[in-house]
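Asks: Sharing entry34.cif below, mmCIF, C-alpha atoms (C1' of nucleotides):
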```cif
data_query
loop_
_atom_site.label_atom_id
_atom_site.label_comp_id
_atom_site.auth_asym_id
_atom_site.auth_seq_id
_atom_site.Cartn_x
_atom_site.Cartn_y
_atom_site.Cartn_z
CA MET A 165 0.00 0.00 0.00
CA LYS A 166 1.34 3.38 -1.07
CA ILE A 167 0.51 6.30 1.24
CA ALA A 168 1.40 9.83 0.14
CA THR A 169 1.16 13.24 1.80
CA TRP A 170 1.10 16.56 -0.04
CA ASN A 171 0.59 20.16 1.00
CA VAL A 172 -1.06 21.33 -2.24
CA ASN A 173 -1.44 25.05 -1.33
CA SER A 174 -5.03 25.28 -2.67
CA ILE A 175 -6.61 22.10 -4.00
CA ARG A 176 -8.61 23.98 -6.65
CA THR A 177 -5.55 25.70 -8.12
CA ARG A 178 -3.59 22.42 -8.05
CA LEU A 179 -6.25 20.09 -9.56
CA GLU A 180 -4.41 19.47 -12.83
CA HIS A 181 -1.15 18.65 -11.03
CA ILE A 182 -3.00 16.35 -8.64
CA CYS A 183 -4.71 14.37 -11.41
CA ALA A 184 -1.51 14.01 -13.46
CA TRP A 185 0.42 12.95 -10.35
CA THR A 186 -2.15 10.34 -9.23
CA LYS A 187 -2.23 8.84 -12.74
CA GLU A 188 1.56 8.71 -12.76
CA THR A 189 2.32 7.48 -9.24
CA GLN A 190 -0.91 5.66 -8.22
CA PRO A 191 -0.99 6.26 -4.46
CA ASP A 192 -3.60 4.18 -2.59
CA VAL A 193 -4.02 6.81 0.11
CA ILE A 194 -3.37 10.58 -0.15
CA LEU A 195 -3.14 12.93 2.82
CA PHE A 196 -3.79 16.50 1.66
CA GLN A 197 -3.01 19.74 3.50
CA GLU A 198 -3.78 23.40 2.79
CA ILE A 199 -6.76 22.66 0.58
CA LYS A 200 -7.92 26.25 1.35
CA VAL A 201 -11.58 25.51 0.69
CA THR A 202 -14.74 24.55 2.56
CA GLU A 203 -16.24 21.12 2.00
CA ALA A 204 -19.10 22.75 0.03
CA PHE A 205 -16.69 23.90 -2.70
CA PHE A 206 -14.31 20.93 -2.62
CA PRO A 207 -13.78 19.41 -6.11
CA PHE A 208 -15.06 15.95 -5.17
CA GLU A 209 -15.86 14.74 -8.71
CA ASP A 210 -12.40 15.41 -10.15
CA ILE A 211 -10.70 13.26 -7.52
CA GLU A 212 -13.44 10.63 -7.18
CA SER A 213 -13.19 10.02 -10.93
CA GLN A 214 -9.58 8.90 -10.33
CA GLY A 215 -10.97 6.08 -8.19
CA TYR A 216 -10.75 7.66 -4.73
CA ASN A 217 -13.11 7.99 -1.79
CA LEU A 218 -12.79 11.25 0.10
CA VAL A 219 -13.22 12.77 3.53
CA VAL A 220 -12.72 16.50 3.97
CA PHE A 221 -12.22 18.89 6.88
CA GLY A 222 -12.32 22.22 5.09
CA GLN A 223 -11.90 25.90 5.88
CA LYS A 224 -12.34 29.02 3.80
CA SER A 225 -9.10 30.61 2.48
CA TYR A 226 -6.73 28.99 4.98
CA ASN A 227 -5.70 25.53 6.16
CA GLY A 228 -8.04 22.61 5.46
CA VAL A 229 -7.11 18.90 5.26
CA ALA A 230 -8.50 15.87 3.45
CA ILE A 231 -7.91 12.15 2.91
CA ALA A 232 -8.36 10.31 -0.39
CA SER A 233 -8.30 6.52 -0.47
CA LYS A 234 -8.94 3.71 -2.93
CA PHE A 235 -10.41 1.83 0.03
CA PRO A 236 -13.53 2.70 2.05
CA LEU A 237 -12.98 5.36 4.74
CA GLU A 238 -14.42 4.66 8.18
CA ASP A 239 -14.27 5.93 11.77
CA ILE A 240 -13.62 9.53 10.69
CA THR A 241 -12.41 12.21 13.12
CA ARG A 242 -12.30 15.90 12.19
CA GLY A 243 -10.04 18.02 14.38
CA LEU A 244 -7.92 16.89 17.32
CA PRO A 245 -10.25 15.41 19.95
CA LEU A 246 -8.18 17.08 22.68
CA CYS A 247 -8.49 20.54 21.05
CA PRO A 248 -12.25 20.63 20.35
CA ASP A 249 -12.45 24.42 20.31
CA ASP A 250 -9.71 24.99 17.72
CA PRO A 251 -11.39 26.94 14.89
CA GLN A 252 -8.66 26.01 12.40
CA ALA A 253 -9.06 22.87 10.23
CA ARG A 254 -5.72 21.11 10.63
CA TYR A 255 -6.36 17.43 11.39
CA ILE A 256 -8.44 14.62 9.92
CA GLU A 257 -8.21 10.90 10.65
CA ALA A 258 -9.82 7.77 9.24
CA VAL A 259 -9.45 4.00 9.07
CA THR A 260 -8.86 2.71 5.55
CA GLY A 261 -7.36 -0.39 3.94
CA GLY A 262 -6.58 -1.90 7.36
CA MET A 263 -4.66 1.16 8.58
CA ARG A 264 -5.49 4.18 10.67
CA VAL A 265 -4.25 7.26 8.80
CA ALA A 266 -4.26 10.96 9.62
CA SER A 267 -3.51 14.12 7.66
CA VAL A 268 -2.06 16.91 9.78
CA TYR A 269 -1.21 20.53 9.02
CA VAL A 270 0.80 21.90 11.92
CA PRO A 271 0.68 25.73 12.27
CA ASN A 272 3.62 27.54 10.65
CA GLY A 273 4.28 29.68 13.72
CA GLN A 274 5.52 32.75 11.80
CA THR A 275 8.41 33.74 14.10
CA VAL A 276 9.88 32.23 17.26
CA ASP A 277 8.06 33.34 20.42
CA CYS A 278 5.17 35.26 18.80
CA GLU A 279 1.54 34.37 19.53
CA LYS A 280 1.27 32.04 16.51
CA PHE A 281 4.42 30.25 17.69
CA HIS A 282 2.81 29.45 21.03
CA TYR A 283 -0.30 28.22 19.22
CA LYS A 284 2.01 25.92 17.23
CA LEU A 285 3.54 24.46 20.40
CA THR A 286 0.09 24.01 21.98
CA PHE A 287 -1.10 22.26 18.82
CA MET A 288 1.92 19.92 18.95
CA GLU A 289 1.07 19.04 22.56
CA GLY A 290 -2.51 18.20 21.61
CA LEU A 291 -1.28 16.19 18.63
CA GLY A 292 1.18 14.27 20.81
CA ALA A 293 -1.44 13.44 23.42
CA HIS A 294 -3.79 12.15 20.72
CA MET A 295 -1.04 10.17 18.96
CA ALA A 296 -0.15 8.57 22.30
CA HIS A 297 -3.79 7.52 22.62
CA LEU A 298 -3.73 6.01 19.11
CA LEU A 299 -0.83 3.73 20.10
CA THR A 300 -3.01 2.14 22.79
CA LYS A 301 -5.30 0.78 20.05
CA ASP A 302 -2.51 -1.52 18.85
CA GLU A 303 -3.25 -0.77 15.17
CA PRO A 304 -0.94 0.21 12.32
CA VAL A 305 -1.05 4.04 12.41
CA VAL A 306 0.33 6.56 9.93
CA VAL A 307 0.26 10.29 10.72
CA GLY A 308 1.53 12.24 7.74
CA GLY A 309 1.51 15.86 6.78
CA ASP A 310 3.12 19.26 6.88
CA TYR A 311 4.64 19.43 10.37
CA ASN A 312 6.33 22.75 9.59
CA ILE A 313 9.36 21.52 11.60
CA THR A 314 12.79 20.30 10.48
CA ARG A 315 13.91 17.31 12.53
CA ASP A 316 17.54 18.43 12.64
CA ASP A 317 20.14 20.26 10.53
CA GLN A 318 20.21 17.42 7.99
CA ASP A 319 16.80 18.72 6.91
CA VAL A 320 18.09 22.25 6.23
CA TYR A 321 20.00 23.54 3.18
CA ASP A 322 21.81 26.23 5.16
CA PRO A 323 21.69 25.39 8.86
CA GLU A 324 23.72 28.47 9.83
CA SER A 325 21.24 30.96 8.35
CA TRP A 326 18.26 29.02 9.77
CA LYS A 327 19.73 28.55 13.26
CA GLU A 328 16.93 28.98 15.86
CA LYS A 329 14.66 30.47 13.18
CA ILE A 330 11.06 29.40 12.67
CA LEU A 331 10.77 25.78 11.38
CA CYS A 332 14.21 25.08 12.91
CA SER A 333 14.07 26.23 16.55
CA SER A 334 15.00 23.95 19.46
CA GLN A 335 11.51 24.24 20.92
CA GLU A 336 9.87 23.04 17.69
CA ARG A 337 12.37 20.21 17.23
CA THR A 338 11.83 19.09 20.82
CA ALA A 339 8.08 18.98 20.14
CA LEU A 340 8.67 16.80 17.05
CA ARG A 341 11.07 14.54 18.93
CA LYS A 342 8.38 13.97 21.57
CA LEU A 343 6.26 12.27 18.89
CA LEU A 344 9.18 9.97 18.09
CA HIS A 345 9.72 9.23 21.78
CA LEU A 346 6.14 7.97 21.95
CA GLY A 347 7.19 5.15 19.64
CA TYR A 348 6.56 6.56 16.18
CA VAL A 349 9.25 6.47 13.52
CA ASP A 350 10.06 9.11 10.90
CA LEU A 351 9.67 6.73 7.95
CA LEU A 352 11.73 8.66 5.38
CA ARG A 353 14.67 9.09 7.73
CA GLN A 354 14.37 5.41 8.72
CA ASP A 355 14.48 4.32 5.08
CA SER A 356 17.22 6.73 3.93
CA PRO A 357 19.22 7.92 6.96
CA GLU A 358 21.83 9.84 4.94
CA GLU A 359 19.48 11.43 2.40
CA LYS A 360 18.67 15.15 2.31
CA ASN A 361 15.01 14.66 1.44
CA TYR A 362 13.85 18.27 1.13
CA THR A 363 10.08 18.58 0.73
CA TRP A 364 9.57 22.36 0.61
CA TRP A 365 11.24 25.16 -1.31
CA ASP A 366 10.26 28.82 -0.88
CA TYR A 367 8.60 30.43 -3.90
CA ARG A 368 11.04 33.31 -3.60
CA GLN A 369 14.63 33.80 -4.71
CA ASP A 370 14.80 30.83 -7.08
CA SER A 371 14.92 28.47 -4.11
CA PHE A 372 13.97 25.31 -5.98
CA THR A 373 16.45 25.61 -8.84
CA GLN A 374 19.17 26.37 -6.27
CA ASN A 375 17.88 23.45 -4.12
CA ARG A 376 17.55 25.71 -1.09
CA GLY A 377 14.98 23.50 0.60
CA LEU A 378 13.83 22.14 3.94
CA ARG A 379 12.36 18.79 4.96
CA ILE A 380 9.24 19.78 6.91
CA ASP A 381 6.71 17.23 5.59
CA HIS A 382 6.95 13.95 7.45
CA ILE A 383 5.25 10.56 7.57
CA LEU A 384 5.31 9.05 11.06
CA GLY A 385 4.47 5.36 11.54
CA SER A 386 3.59 3.27 14.59
CA PRO A 387 5.71 0.15 15.33
CA GLN A 388 3.32 -2.07 13.33
CA VAL A 389 4.00 0.10 10.27
CA ILE A 390 7.76 0.18 10.73
CA ASP A 391 7.87 -3.61 10.45
CA ARG A 392 6.14 -3.43 7.05
CA LEU A 393 8.08 -0.51 5.51
CA GLN A 394 9.27 -1.27 1.96
CA SER A 395 10.30 2.02 0.33
CA THR A 396 9.92 5.81 0.59
CA GLY A 397 10.47 8.86 -1.56
CA VAL A 398 9.85 12.51 -2.45
CA ASP A 399 8.32 13.36 -5.84
CA ARG A 400 10.61 16.34 -6.47
CA HIS A 401 9.68 16.62 -10.14
CA ILE A 402 6.19 17.81 -9.12
CA ARG A 403 7.80 20.93 -7.59
CA ALA A 404 9.34 21.69 -11.01
CA LEU A 405 6.00 21.95 -12.85
CA ASP A 406 4.44 25.26 -13.92
CA ARG A 407 2.59 27.04 -11.08
CA PRO A 408 3.53 24.38 -8.52
CA SER A 409 2.73 24.02 -4.85
CA ASP A 410 5.73 25.06 -2.76
CA HIS A 411 5.71 21.49 -1.33
CA ALA A 412 6.50 18.22 -3.13
CA PRO A 413 4.55 15.01 -2.44
CA VAL A 414 6.16 12.56 0.01
CA TRP A 415 5.29 8.83 0.02
CA VAL A 416 5.84 5.48 1.70
CA ASN A 417 5.19 1.93 0.55
CA VAL A 418 4.01 -0.41 3.30
CA LYS A 419 3.47 -4.15 2.97
"C1'" DA B 225 17.39 44.54 8.20
"C1'" DT B 226 14.59 44.00 4.32
"C1'" DG B 227 12.28 41.82 0.70
"C1'" DG B 228 11.82 38.52 -2.39
"C1'" DT B 229 6.59 35.06 -4.39
"C1'" DA B 230 2.09 32.74 -4.25
"C1'" DG B 231 -2.94 31.99 -2.98
"C1'" DA B 232 -7.43 33.64 -1.38
"C1'" DC B 233 -9.91 37.47 -1.89
"C1'" DG B 234 -11.07 41.77 -2.97
"C1'" DA B 235 -7.65 45.11 1.91
"C1'" DT B 236 -4.58 42.43 3.78
"C1'" DC B 237 -3.43 37.90 5.85
"C1'" DT B 238 -0.85 33.70 5.80
"C1'" DA B 239 2.90 31.11 4.52
#
```
Represent the structure from my file as structure tokens, please.
Replies:
Amino acid sequence: MKIATWNVNSIRTRLEHICAWTKETQPDVILFQEIKVTEAFFPFEDIESQGYNLVVFGQKSYNGVAIASKFPLEDITRGLPLCPDDPQARYIEAVTGGMRVASVYVPNGQTVDCEKFHYKLTFMEGLGAHMAHLLTKDEPVVVGGDYNITRDDQDVYDPESWKEKILCSSQERTALRKLLHLGYVDLLRQDSPEEKNYTWWDYRQDSFTQNRGLRIDHILGSPQVIDRLQSTGVDRHIRALDRPSDHAPVWVNVK
DNA sequence: ATGGTAGACGATCTA
């Protein structure tokens, strides 16, 4: 089973790229972030016609997450159960194809120590508490998405210029490490420990052609998933298309 | 230190 995650930066603007990419790479499950649309205006037909079922947790203009799957989607959760009052659509979870999968869009945080940064850390605490709960179910669990955090300097093209900046601060990295300490594994790092698997390149200053990127999109797997891991990758060529998302799709193959 | 670009939306806000 191939599970992919992709921050599309507007699902309506990216529809052509999405359809071409699904035809080419045939993921079984897709975790979308930043769909930037309410469920009422979500382009269901275009994606269903590619053979997918869909569940959507939408929001106007900002955020929004969704899951597409070739298998039926059951036991759906919209929003983190431990943050029921969060008005931002950043988490959706479902059971599909014998796995529990979640699509997460962690807040960017803007700058270290501002109000949005503290919201980011609070969100990560709520996410961690919920992911700890998921481990008690003893199921294969995959939580993939845009975490907006580099794990360490291996994920950064120029660690010196990013030192203690947003996406790279010690506080954010500690929050990400807490998820790993629960028992989840960073599947791309597990599969290719030496690889610089950047997943995001800024739209500005020719970042992609210069390969000035960061790895901030991650797929975390519970122990049951780690045992079945076959291969992983980043579809970098999707970032090179005309009018691309600033993120490339990331995927794992699990037995 | 600033600004560079993109998307939603219709003036800025978010990233």
Asks: With the cut-off set at 8 Å and counting all atoms listed in the file, tabulate each residue of chain A with an atom at most that distance from an atom of chain B, showing the nearest atom pair and its distance in Å to one decimal, ordered by chain and increasing number, as a tab-separated table.
Replies:
```
residue	atom	partner	partner_atom	distance
A:Asn173	CA	B:DG231	C1'	7.3
A:Ser174	CA	B:DG231	C1'	7.0
A:Lys200	CA	B:DA232	C1'	7.9
A:Ser225	CA	B:DA232	C1'	5.2
A:Tyr226	CA	B:DT238	C1'	7.6
A:Asn272	CA	B:DA239	C1'	7.1
A:Gln274	CA	B:DA239	C1'	7.9
A:Tyr367	CA	B:DT229	C1'	5.1
A:Arg368	CA	B:DT229	C1'	4.8
A:Gln369	CA	B:DG228	C1'	6.0
```
Asks: Quick one: apply the PyMOL selection byres ((chain A and resi 364) around 7) to the file and drop the selected residues here as a list in words.
Replies: Tyr362, Thr363, Trp365, Asp366, Gly377, Leu378, Arg379, Ile380, Asp410, His411 and Ala412 of chain A
Asks: Can you work out the spacing between CA of Ala232 in chain A and CA of Leu291 in chain A in Å, to one decimal?
Replies: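 These atoms are spaced 21.1 Å apart.
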Asks: Write out as a PyMOL selection string which residues come within 7 Å of Leu351 in chain A when counting all atoms listed in the file, dropping same-chain ones fewer than 4 positions away.
Replies: chain A and resi 355+383-385
Asks: Can you pull out every residue within 10 Å of Pro251 in chain A, counting only C-alpha atoms (C1' of nucleotides), but drop anything in the same chain fewer than 4 positions away, and send it as a ChimeraX atom specification?
Replies: /A:223,243,247
Asks: Output C-alpha atoms for every residue in that selection, as a tab-separated table (two decimals), in the coordinates of the input.
Replies:
```
chain	number	residue	atom	x	y	z
A	223	GLN	CA	-11.90	25.90	5.88
A	243	GLY	CA	-10.04	18.02	14.38
A	247	CYS	CA	-8.49	20.54	21.05
```
Asks: For a test of reading the model, state the distance in Å between CA of Asp277 in chain A and CA of Ala253 in chain A, rounded to one decimal.
Replies: 22.5 Å
Asks: Anything within 12 Å of (3.2, 5.1, 6.8): list those residues as a ChimeraX atom specification, counting only C-alpha atoms (C1' of nucleotides) and sticking to the file's coordinates.
Replies: /A:165-169,192-195,263-267,304-309,348-352,354-355,382-397,414-419
Asks: Write out, as a PDB file, in the coordinates of the input, the residues just selected, with C-alpha atoms.
Replies:
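Just written: again.pdb:
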```pdb
ATOM      1  CA  MET A 165       0.000   0.000   0.000  1.00  0.00           C
ATOM      2  CA  LYS A 166       1.340   3.380  -1.070  1.00  0.00           C
ATOM      3  CA  ILE A 167       0.510   6.300   1.240  1.00  0.00           C
ATOM      4  CA  ALA A 168       1.400   9.830   0.140  1.00  0.00           C
ATOM      5  CA  THR A 169       1.160  13.240   1.800  1.00  0.00           C
ATOM      6  CA  ASP A 192      -3.600   4.180  -2.590  1.00  0.00           C
ATOM      7  CA  VAL A 193      -4.020   6.810   0.110  1.00  0.00           C
ATOM      8  CA  ILE A 194      -3.370  10.580  -0.150  1.00  0.00           C
ATOM      9  CA  LEU A 195      -3.140  12.930   2.820  1.00  0.00           C
ATOM     10  CA  MET A 263      -4.660   1.160   8.580  1.00  0.00           C
ATOM     11  CA  ARG A 264      -5.490   4.180  10.670  1.00  0.00           C
ATOM     12  CA  VAL A 265      -4.250   7.260   8.800  1.00  0.00           C
ATOM     13  CA  ALA A 266      -4.260  10.960   9.620  1.00  0.00           C
ATOM     14  CA  SER A 267      -3.510  14.120   7.660  1.00  0.00           C
ATOM     15  CA  PRO A 304      -0.940   0.210  12.320  1.00  0.00           C
ATOM     16  CA  VAL A 305      -1.050   4.040  12.410  1.00  0.00           C
ATOM     17  CA  VAL A 306       0.330   6.560   9.930  1.00  0.00           C
ATOM     18  CA  VAL A 307       0.260  10.290  10.720  1.00  0.00           C
ATOM     19  CA  GLY A 308       1.530  12.240   7.740  1.00  0.00           C
ATOM     20  CA  GLY A 309       1.510  15.860   6.780  1.00  0.00           C
ATOM     21  CA  TYR A 348       6.560   6.560  16.180  1.00  0.00           C
ATOM     22  CA  VAL A 349       9.250   6.470  13.520  1.00  0.00           C
ATOM     23  CA  ASP A 350      10.060   9.110  10.900  1.00  0.00           C
ATOM     24  CA  LEU A 351       9.670   6.730   7.950  1.00  0.00           C
ATOM     25  CA  LEU A 352      11.730   8.660   5.380  1.00  0.00           C
ATOM     26  CA  GLN A 354      14.370   5.410   8.720  1.00  0.00           C
ATOM     27  CA  ASP A 355      14.480   4.320   5.080  1.00  0.00           C
ATOM     28  CA  HIS A 382       6.950  13.950   7.450  1.00  0.00           C
ATOM     29  CA  ILE A 383       5.250  10.560   7.570  1.00  0.00           C
ATOM     30  CA  LEU A 384       5.310   9.050  11.060  1.00  0.00           C
ATOM     31  CA  GLY A 385       4.470   5.360  11.540  1.00  0.00           C
ATOM     32  CA  SER A 386       3.590   3.270  14.590  1.00  0.00           C
ATOM     33  CA  PRO A 387       5.710   0.150  15.330  1.00  0.00           C
ATOM     34  CA  GLN A 388       3.320  -2.070  13.330  1.00  0.00           C
ATOM     35  CA  VAL A 389       4.000   0.100  10.270  1.00  0.00           C
ATOM     36  CA  ILE A 390       7.760   0.180  10.730  1.00  0.00           C
ATOM     37  CA  ASP A 391       7.870  -3.610  10.450  1.00  0.00           C
ATOM     38  CA  ARG A 392       6.140  -3.430   7.050  1.00  0.00           C
ATOM     39  CA  LEU A 393       8.080  -0.510   5.510  1.00  0.00           C
ATOM     40  CA  GLN A 394       9.270  -1.270   1.960  1.00  0.00           C
ATOM     41  CA  SER A 395      10.300   2.020   0.330  1.00  0.00           C
ATOM     42  CA  THR A 396       9.920   5.810   0.590  1.00  0.00           C
ATOM     43  CA  GLY A 397      10.470   8.860  -1.560  1.00  0.00           C
ATOM     44  CA  VAL A 414       6.160  12.560   0.010  1.00  0.00           C
ATOM     45  CA  TRP A 415       5.290   8.830   0.020  1.00  0.00           C
ATOM     46  CA  VAL A 416       5.840   5.480   1.700  1.00  0.00           C
ATOM     47  CA  ASN A 417       5.190   1.930   0.550  1.00  0.00           C
ATOM     48  CA  VAL A 418       4.010  -0.410   3.300  1.00  0.00           C
ATOM     49  CA  LYS A 419       3.470  -4.150   2.970  1.00  0.00           C
TER      50      LYS A 419
END
```
Asks: Please enumerate the residues selected by the PyMOL selection byres ((chain A and resi 214) around 10) when evaluated against the supplied file, formatted as a list in words.
Replies: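 Here the PyMOL selection byres ((chain A and resi 214) around 10) matches Cys183, Thr186, Lys187, Gln190, Glu209, Asp210, Ile211, Glu212, Ser213, Gly215, Tyr216, Asn217 and Lys234 of chain A.
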